[in-house]
file final-v9.cif (mmCIF, N, CA and C atoms)
data_my_file
loop_
_atom_site.label_atom_id
_atom_site.label_comp_id
_atom_site.auth_asym_id
_atom_site.auth_seq_id
_atom_site.Cartn_x
_atom_site.Cartn_y
_atom_site.Cartn_z
N MET M 79 159.88 66.84 129.75
CA MET M 79 159.65 68.17 129.26
C MET M 79 161.01 68.80 128.88
N ARG M 80 161.01 69.52 127.81
CA ARG M 80 162.25 70.15 127.36
C ARG M 80 162.51 71.41 128.17
N THR M 81 163.79 71.65 128.35
CA THR M 81 164.16 72.91 129.02
C THR M 81 164.88 73.77 128.01
N TYR M 82 164.50 74.98 127.95
CA TYR M 82 165.09 75.92 127.00
C TYR M 82 165.91 76.95 127.77
N LYS M 83 167.01 77.33 127.15
CA LYS M 83 167.85 78.37 127.73
C LYS M 83 167.77 79.59 126.83
N VAL M 84 167.50 80.70 127.41
CA VAL M 84 167.46 81.94 126.67
C VAL M 84 168.73 82.70 127.00
N ASN M 85 169.50 82.95 125.96
CA ASN M 85 170.77 83.63 126.15
C ASN M 85 170.53 85.13 126.02
N ARG M 86 170.55 85.83 127.12
CA ARG M 86 170.28 87.26 127.10
C ARG M 86 171.56 88.09 127.20
N THR M 87 172.70 87.44 127.17
CA THR M 87 173.95 88.19 127.28
C THR M 87 174.39 88.73 125.93
N LYS M 88 174.05 88.04 124.86
CA LYS M 88 174.44 88.50 123.53
C LYS M 88 173.45 89.54 123.04
N LYS M 89 173.96 90.46 122.25
CA LYS M 89 173.08 91.46 121.66
C LYS M 89 172.33 90.82 120.48
N PRO M 90 171.08 91.14 120.31
CA PRO M 90 170.34 90.55 119.17
C PRO M 90 170.85 91.11 117.84
N LYS M 91 170.74 90.29 116.82
CA LYS M 91 171.17 90.72 115.49
C LYS M 91 170.10 91.64 114.91
N VAL M 92 170.51 92.83 114.60
CA VAL M 92 169.59 93.82 114.04
C VAL M 92 170.09 94.16 112.64
N PRO M 93 169.19 94.16 111.65
CA PRO M 93 169.63 94.52 110.30
C PRO M 93 170.02 95.98 110.21
N SER M 94 170.83 96.26 109.23
CA SER M 94 171.29 97.64 109.06
C SER M 94 170.16 98.54 108.58
N LYS M 95 170.36 99.83 108.65
CA LYS M 95 169.35 100.80 108.22
C LYS M 95 169.05 100.62 106.72
N GLU M 96 170.07 100.34 105.93
CA GLU M 96 169.88 100.16 104.48
C GLU M 96 168.97 98.96 104.19
N THR M 97 169.19 97.89 104.92
CA THR M 97 168.38 96.70 104.73
C THR M 97 166.93 96.97 105.14
N ILE M 98 166.76 97.67 106.22
CA ILE M 98 165.41 98.01 106.67
C ILE M 98 164.71 98.87 105.63
N GLU M 99 165.40 99.85 105.11
CA GLU M 99 164.81 100.74 104.10
C GLU M 99 164.48 99.98 102.81
N LYS M 100 165.31 99.01 102.48
CA LYS M 100 165.08 98.22 101.28
C LYS M 100 163.76 97.47 101.37
N TYR M 101 163.47 96.92 102.54
CA TYR M 101 162.26 96.12 102.71
C TYR M 101 161.04 96.94 103.13
N LYS M 102 161.20 98.24 103.29
CA LYS M 102 160.05 99.09 103.60
C LYS M 102 159.21 99.37 102.37
N ASP M 103 159.77 99.19 101.19
CA ASP M 103 159.03 99.39 99.95
C ASP M 103 158.21 98.13 99.69
N PHE M 104 156.99 98.12 100.19
CA PHE M 104 156.18 96.90 100.17
C PHE M 104 155.68 96.56 98.77
N THR M 105 155.53 97.53 97.92
CA THR M 105 155.06 97.22 96.56
C THR M 105 156.11 96.42 95.80
N SER M 106 157.36 96.85 95.87
CA SER M 106 158.41 96.10 95.16
C SER M 106 158.64 94.74 95.83
N LEU M 107 158.55 94.71 97.15
CA LEU M 107 158.72 93.45 97.86
C LEU M 107 157.60 92.47 97.49
N SER M 108 156.38 92.97 97.41
CA SER M 108 155.25 92.13 97.01
C SER M 108 155.40 91.66 95.57
N HIS M 109 155.88 92.55 94.71
CA HIS M 109 156.09 92.18 93.31
C HIS M 109 157.14 91.08 93.19
N GLU M 110 158.23 91.20 93.92
CA GLU M 110 159.27 90.17 93.90
C GLU M 110 158.73 88.84 94.42
N TYR M 111 157.93 88.90 95.47
CA TYR M 111 157.35 87.68 96.03
C TYR M 111 156.43 87.02 95.01
N ASP M 112 155.56 87.81 94.39
CA ASP M 112 154.65 87.25 93.39
C ASP M 112 155.41 86.67 92.22
N LYS M 113 156.49 87.31 91.83
CA LYS M 113 157.29 86.83 90.71
C LYS M 113 157.93 85.47 91.04
N MET M 114 158.32 85.28 92.28
CA MET M 114 158.97 84.03 92.68
C MET M 114 157.96 82.91 92.93
N VAL M 115 156.79 83.24 93.46
CA VAL M 115 155.87 82.21 93.92
C VAL M 115 154.81 81.87 92.89
N LYS M 116 154.22 82.86 92.27
CA LYS M 116 153.10 82.61 91.37
C LYS M 116 153.58 82.17 90.00
N ARG M 117 152.68 81.53 89.27
CA ARG M 117 152.99 81.09 87.92
C ARG M 117 153.09 82.29 86.99
N PRO M 118 153.89 82.19 85.96
CA PRO M 118 153.98 83.31 85.00
C PRO M 118 152.68 83.45 84.22
N LYS M 119 152.38 84.67 83.86
CA LYS M 119 151.13 84.95 83.14
C LYS M 119 151.27 84.70 81.64
N VAL M 120 152.49 84.56 81.16
CA VAL M 120 152.72 84.35 79.73
C VAL M 120 152.37 82.91 79.38
N PRO M 121 151.55 82.68 78.37
CA PRO M 121 151.23 81.30 77.98
C PRO M 121 152.48 80.57 77.48
N LEU M 122 152.44 79.25 77.56
CA LEU M 122 153.62 78.45 77.20
C LEU M 122 154.05 78.67 75.76
N TYR M 123 153.10 78.83 74.85
CA TYR M 123 153.48 78.96 73.45
C TYR M 123 154.09 80.34 73.14
N LYS M 124 153.93 81.30 74.04
CA LYS M 124 154.54 82.62 73.82
C LYS M 124 155.89 82.75 74.52
N ASP M 125 156.19 81.86 75.45
CA ASP M 125 157.48 81.86 76.11
C ASP M 125 158.47 81.14 75.19
N LYS M 126 159.55 81.81 74.83
CA LYS M 126 160.48 81.28 73.82
C LYS M 126 161.11 79.96 74.25
N LYS M 127 161.58 79.89 75.47
CA LYS M 127 162.25 78.66 75.92
C LYS M 127 161.27 77.49 75.98
N MET M 128 160.11 77.73 76.55
CA MET M 128 159.13 76.66 76.66
C MET M 128 158.62 76.24 75.28
N PHE M 129 158.51 77.19 74.36
CA PHE M 129 158.08 76.85 73.01
C PHE M 129 159.09 75.92 72.36
N LEU M 130 160.38 76.21 72.54
CA LEU M 130 161.41 75.34 71.96
C LEU M 130 161.37 73.95 72.59
N VAL M 131 161.13 73.88 73.89
CA VAL M 131 161.05 72.58 74.56
C VAL M 131 159.85 71.80 74.03
N LEU M 132 158.70 72.47 73.90
CA LEU M 132 157.52 71.80 73.37
C LEU M 132 157.74 71.34 71.93
N LEU M 133 158.39 72.18 71.14
CA LEU M 133 158.69 71.82 69.76
C LEU M 133 159.60 70.61 69.69
N LEU M 134 160.60 70.56 70.55
CA LEU M 134 161.52 69.43 70.61
C LEU M 134 160.78 68.14 70.98
N ILE M 135 159.89 68.23 71.95
CA ILE M 135 159.12 67.05 72.36
C ILE M 135 158.25 66.55 71.22
N VAL M 136 157.62 67.47 70.50
CA VAL M 136 156.76 67.08 69.37
C VAL M 136 157.59 66.43 68.27
N LEU M 137 158.76 66.99 67.97
CA LEU M 137 159.61 66.40 66.93
C LEU M 137 160.07 65.00 67.30
N ILE M 138 160.42 64.80 68.56
CA ILE M 138 160.84 63.48 69.02
C ILE M 138 159.68 62.48 68.89
N ALA M 139 158.48 62.94 69.24
CA ALA M 139 157.31 62.05 69.12
C ALA M 139 157.05 61.68 67.67
N ILE M 140 157.19 62.63 66.77
CA ILE M 140 156.99 62.34 65.34
C ILE M 140 158.03 61.34 64.84
N LEU M 141 159.29 61.55 65.22
CA LEU M 141 160.35 60.63 64.79
C LEU M 141 160.12 59.22 65.32
N LEU M 142 159.69 59.12 66.58
CA LEU M 142 159.43 57.80 67.15
C LEU M 142 158.26 57.11 66.45
N SER M 143 157.23 57.87 66.11
CA SER M 143 156.09 57.25 65.43
C SER M 143 156.48 56.79 64.02
N GLN M 144 157.30 57.57 63.34
CA GLN M 144 157.75 57.17 62.00
C GLN M 144 158.64 55.93 62.09
N ALA M 145 159.48 55.87 63.09
CA ALA M 145 160.34 54.70 63.25
C ALA M 145 159.49 53.47 63.55
N GLY M 146 158.45 53.63 64.35
CA GLY M 146 157.55 52.52 64.64
C GLY M 146 156.81 52.07 63.40
N ASP M 147 156.40 53.01 62.55
CA ASP M 147 155.71 52.66 61.31
C ASP M 147 156.63 51.89 60.37
N GLU M 148 157.88 52.31 60.26
CA GLU M 148 158.85 51.62 59.39
C GLU M 148 159.10 50.21 59.91
N LYS M 149 159.20 50.07 61.23
CA LYS M 149 159.46 48.76 61.82
C LYS M 149 158.29 47.82 61.57
N SER M 150 157.07 48.32 61.72
CA SER M 150 155.90 47.47 61.48
C SER M 150 155.78 47.13 60.00
N ALA M 151 156.17 48.04 59.11
CA ALA M 151 156.14 47.75 57.68
C ALA M 151 157.15 46.66 57.34
N GLU M 152 158.33 46.69 57.96
CA GLU M 152 159.33 45.65 57.74
C GLU M 152 158.83 44.30 58.23
N GLU M 153 158.15 44.29 59.38
CA GLU M 153 157.62 43.04 59.90
C GLU M 153 156.53 42.49 58.98
N ASP M 154 155.72 43.37 58.42
CA ASP M 154 154.69 42.91 57.48
C ASP M 154 155.32 42.28 56.25
N ILE M 155 156.38 42.90 55.73
CA ILE M 155 157.07 42.37 54.55
C ILE M 155 157.68 41.00 54.87
N GLU M 156 158.29 40.88 56.05
CA GLU M 156 158.88 39.60 56.44
C GLU M 156 157.81 38.52 56.59
N SER M 157 156.67 38.88 57.14
CA SER M 157 155.60 37.87 57.34
C SER M 157 155.05 37.44 55.96
N ILE M 158 154.97 38.36 55.02
CA ILE M 158 154.51 38.02 53.69
C ILE M 158 155.51 37.08 53.01
N ASP M 159 156.81 37.38 53.16
CA ASP M 159 157.86 36.54 52.57
C ASP M 159 157.82 35.13 53.15
N THR M 160 157.63 35.01 54.46
CA THR M 160 157.63 33.68 55.08
C THR M 160 156.37 32.91 54.67
N GLU M 161 155.25 33.59 54.45
CA GLU M 161 154.03 32.90 53.99
C GLU M 161 154.22 32.36 52.58
N GLN M 162 154.93 33.12 51.72
CA GLN M 162 155.14 32.66 50.36
C GLN M 162 156.09 31.45 50.34
N ILE M 163 157.05 31.44 51.26
CA ILE M 163 157.99 30.31 51.31
C ILE M 163 157.27 29.06 51.78
N VAL M 164 156.37 29.19 52.74
CA VAL M 164 155.65 28.04 53.29
C VAL M 164 154.72 27.47 52.24
N ASP M 165 154.06 28.31 51.46
CA ASP M 165 153.10 27.84 50.45
C ASP M 165 153.83 27.17 49.35
#

call {"tool": "encode", "arguments": {"input": "final-v9.cif", "output": "structure tokens"}}
result
Amino acid sequence: MRTYKVNRTKKPKVPSKETIEKYKDFTSLSHEYDKMVKRPKVPLYKDKKMFLVLLLIVLIAILLSQAGDEKSAEEDIESIDTEQIVD
């Protein structure tokens, strides 16, 4: 079993009056908590930063698909050339 020691010689840490008054405003404290914990209500396409990130992802996907199409077209041309040489 664990033994715990309670140190009663030191004075407990008490926040200052200013700090206590700051946290007595529960509406602002609740608002700050909700802002930190809950998801934002703004949709992704209306948030400027997220819109730019989504746009960047879409552009990269388009570029990759075009590069894949060009590569497959080159392979088709090479396969046609090799078939003509064999015949």

call {"tool": "select_by_dssp", "arguments": {"input": "final-v9.cif", "residues": "stretch 116-145 of chain M", "states": "alpha helix (DSSP H)", "output": "PyMOL selection string"}}
result
chain M and resi 126-145

call {"tool": "atom_distance", "arguments": {"input": "final-v9.cif", "atom1": "atom C of M:Lys127", "atom2": "atom N of M:Ala139"}}
result
16.3 Å

call {"tool": "atom_distance", "arguments": {"input": "final-v9.cif", "atom1": "atom CA of M:Arg86", "atom2": "atom CA of M:Glu99"}}
result
27.2 Å

call {"tool": "atom_distance", "arguments": {"input": "final-v9.cif", "atom1": "atom N of M:Leu133", "atom2": "atom C of M:Tyr111"}}
result
28.2 Å

call {"tool": "axis_aligned_box", "arguments": {"input": "final-v9.cif", "around": "stretch 125-130 of chain M", "padding_each_side": "4 Å", "output": "JSON"}}
result
{"center_x": 159.2, "center_y": 77.9, "center_z": 74.3, "size_x": 14.1, "size_y": 15.9, "size_z": 12.7}
